[in-house]
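Engineer: Provided herewith is a single structure, encoded as structure tokens, for subsequent inquiry.
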Amino acid sequence: MTDDPTAPVAPAADRNFLPPSLARRFGALLVDWALCAMIASFFADPVTDGWPPVLVLILEYAVFLGLFAQTPGMWVSRLRCVAYDDGGRIGVPRALLRGILLCLVVPPLLMDERRRGLHDRLVGSVVVAVPTARPAR
């Protein structure tokens with residue numbers, strides 16, 4: 001625990017935690033899906049072969065969430081996926097598992113009051129809004 005009052009509070013400990021809207025999350029997913037379909041089109045036909053874009057999405061989640069805490073779609077939507085208990089990065093293995101569970105479709109639909117889908121609860125993550133920068137005084 002830090003004595004810095006400006007340090008971000010871990011989502012699990014923040015009683016005032018407000019999850020981002022489902023529209024923002026869905027928008028981020030649409031951007032990511034479009035990018036994955038475009039990338040998959042270089043080595044397969046996404047119209048006739050449904051699995052290549054899904055595999056690209058899983059890999060995208062593993063790399064981008066694991067290393068940067070946000071996918072390109074999340075960056076556009078100003079969202080991050082962080083560890084629920086401490087607010088840090090979830091790492092590549094947990095991000096890979098989250099991507100696999102996301103592609104199963106049902107786990108994201110089973111949400112709790114903090115809009116954490118089953119996929120988030122199983123890997124210990126949460127989607128949060130990126131805080132807006134405050135001007136220096």
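Ligands are numbered from 1 in the order shown, residues from 1 within each chain, and chains are lettered A, B, ... in the order they appear in the structure tokens.
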Env of Asp120 in chain A: 8 Å cut, atoms = only C-alpha atoms, seq-sep filter 4 positions within chain, self excluded. Answer as a PyMOL selection string.

Structural biologist: chain A and resi 98+108+116+124-126

Engineer: If we count only C-alpha atoms, what is near Leu122 in chain A at a cut-off of 9 Å, once residues fewer than 4 positions away on the same chain are taken out, given as JSON, numbers by chain?

Structural biologist: {"A": [97, 98, 117, 118]}

Engineer: Identify, on the basis of only C-alpha atoms, every residue whose closest approach to Gly91 in chain A does not exceed 10 Å; exclude the query and any residue fewer than 4 positions from it along the same chain; express the result as a PyMOL selection string.

Structural biologist: chain A and resi 62-69+82-83+95-96

Engineer: Residues of the last selection are to be written out with N, CA and C atoms, as a PDB file, in the first residue's frame.

Structural biologist:
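Saved the output as again.pdb:
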ATOM      1  N   ALA A  62      -3.661 -12.132 -26.454  1.00  0.00           N
ATOM      2  CA  ALA A  62      -2.526 -12.612 -25.662  1.00  0.00           C
ATOM      3  C   ALA A  62      -1.393 -11.598 -25.663  1.00  0.00           C
ATOM      4  N   VAL A  63      -1.051 -11.091 -26.834  1.00  0.00           N
ATOM      5  CA  VAL A  63       0.093 -10.181 -26.947  1.00  0.00           C
ATOM      6  C   VAL A  63      -0.239  -8.789 -26.404  1.00  0.00           C
ATOM      7  N   PHE A  64      -1.311  -8.198 -26.930  1.00  0.00           N
ATOM      8  CA  PHE A  64      -1.597  -6.812 -26.565  1.00  0.00           C
ATOM      9  C   PHE A  64      -2.080  -6.663 -25.126  1.00  0.00           C
ATOM     10  N   LEU A  65      -2.999  -7.516 -24.681  1.00  0.00           N
ATOM     11  CA  LEU A  65      -3.450  -7.407 -23.289  1.00  0.00           C
ATOM     12  C   LEU A  65      -2.345  -7.799 -22.327  1.00  0.00           C
ATOM     13  N   GLY A  66      -1.613  -8.861 -22.680  1.00  0.00           N
ATOM     14  CA  GLY A  66      -0.563  -9.336 -21.795  1.00  0.00           C
ATOM     15  C   GLY A  66       0.569  -8.342 -21.609  1.00  0.00           C
ATOM     16  N   LEU A  67       0.930  -7.648 -22.686  1.00  0.00           N
ATOM     17  CA  LEU A  67       2.075  -6.733 -22.623  1.00  0.00           C
ATOM     18  C   LEU A  67       1.700  -5.269 -22.406  1.00  0.00           C
ATOM     19  N   PHE A  68       0.553  -4.851 -22.970  1.00  0.00           N
ATOM     20  CA  PHE A  68       0.208  -3.424 -22.947  1.00  0.00           C
ATOM     21  C   PHE A  68      -1.096  -3.111 -22.219  1.00  0.00           C
ATOM     22  N   ALA A  69      -1.817  -4.135 -21.771  1.00  0.00           N
ATOM     23  CA  ALA A  69      -3.088  -3.995 -21.051  1.00  0.00           C
ATOM     24  C   ALA A  69      -4.212  -3.441 -21.918  1.00  0.00           C
ATOM     25  N   VAL A  82      -7.099  -4.805 -16.879  1.00  0.00           N
ATOM     26  CA  VAL A  82      -6.082  -4.887 -15.831  1.00  0.00           C
ATOM     27  C   VAL A  82      -6.438  -5.974 -14.829  1.00  0.00           C
ATOM     28  N   ALA A  83      -5.486  -6.309 -13.988  1.00  0.00           N
ATOM     29  CA  ALA A  83      -5.721  -7.280 -12.919  1.00  0.00           C
ATOM     30  C   ALA A  83      -6.691  -6.677 -11.920  1.00  0.00           C
ATOM     31  N   ALA A  95      -3.827 -13.450 -20.333  1.00  0.00           N
ATOM     32  CA  ALA A  95      -4.452 -12.784 -21.483  1.00  0.00           C
ATOM     33  C   ALA A  95      -4.816 -13.803 -22.561  1.00  0.00           C
ATOM     34  N   LEU A  96      -3.965 -14.806 -22.757  1.00  0.00           N
ATOM     35  CA  LEU A  96      -4.260 -15.869 -23.718  1.00  0.00           C
ATOM     36  C   LEU A  96      -5.511 -16.634 -23.296  1.00  0.00           C
TER      37      LEU A  96
END

Engineer: For Gly27 in chain A, which of A:Leu102, A:Met74, A:Val123, A:Val130 is the closest residue, counting only C-alpha atoms?

Structural biologist: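 That would be A:Met74, the residue with the smallest distance to Gly27 in chain A.
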
Engineer: Just how far from CA of Ala12 in chain A is CA of Gln70 in chain A, in Å to one decimal?

Structural biologist: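 Between CA of Gln70 in chain A and CA of Ala12 in chain A the gap works out to 19.0 Å.
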
Engineer: Within 9 Å of Val31 in chain A, counting only C-alpha atoms, which residues show up once you throw out same-chain ones fewer than 4 positions away? Write them as a PyMOL selection string, please.

Structural biologist: chain A and resi 26-27+35-36+72-74+76

Engineer: Point out the residue among A:Thr132, A:Ser77, A:Ser41, A:Asn16 with the least atom-to-atom distance to Pro53 in chain A, counting only C-alpha atoms.

Structural biologist: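 Looking only at the distances to Pro53 in chain A, the closest residue turns out to be A:Ser41.
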
Engineer: May I ask which of the residues A:Arg80, A:Arg94, A:Arg89, A:Arg115 is the closest one to Pro19 in chain A, counting only C-alpha atoms?

Structural biologist: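 Between A:Arg80, A:Arg94, A:Arg89, A:Arg115, the residue approaching Pro19 in chain A most closely is A:Arg115.
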
Engineer: What is the CA of Met38 in chain A-CA of Ile100 in chain A distance in Å, reported with one decimal?

Structural biologist: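 Computing the Euclidean distance for CA of Met38 in chain A and CA of Ile100 in chain A yields 19.6 Å.
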
Engineer: Using only C-alpha atoms, can you tell me which of A:Leu109, A:Ala37, A:Leu101, A:Val47 comes closest to Tyr61 in chain A?

Structural biologist: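 Closest to Tyr61 in chain A of all the choices is A:Leu101.
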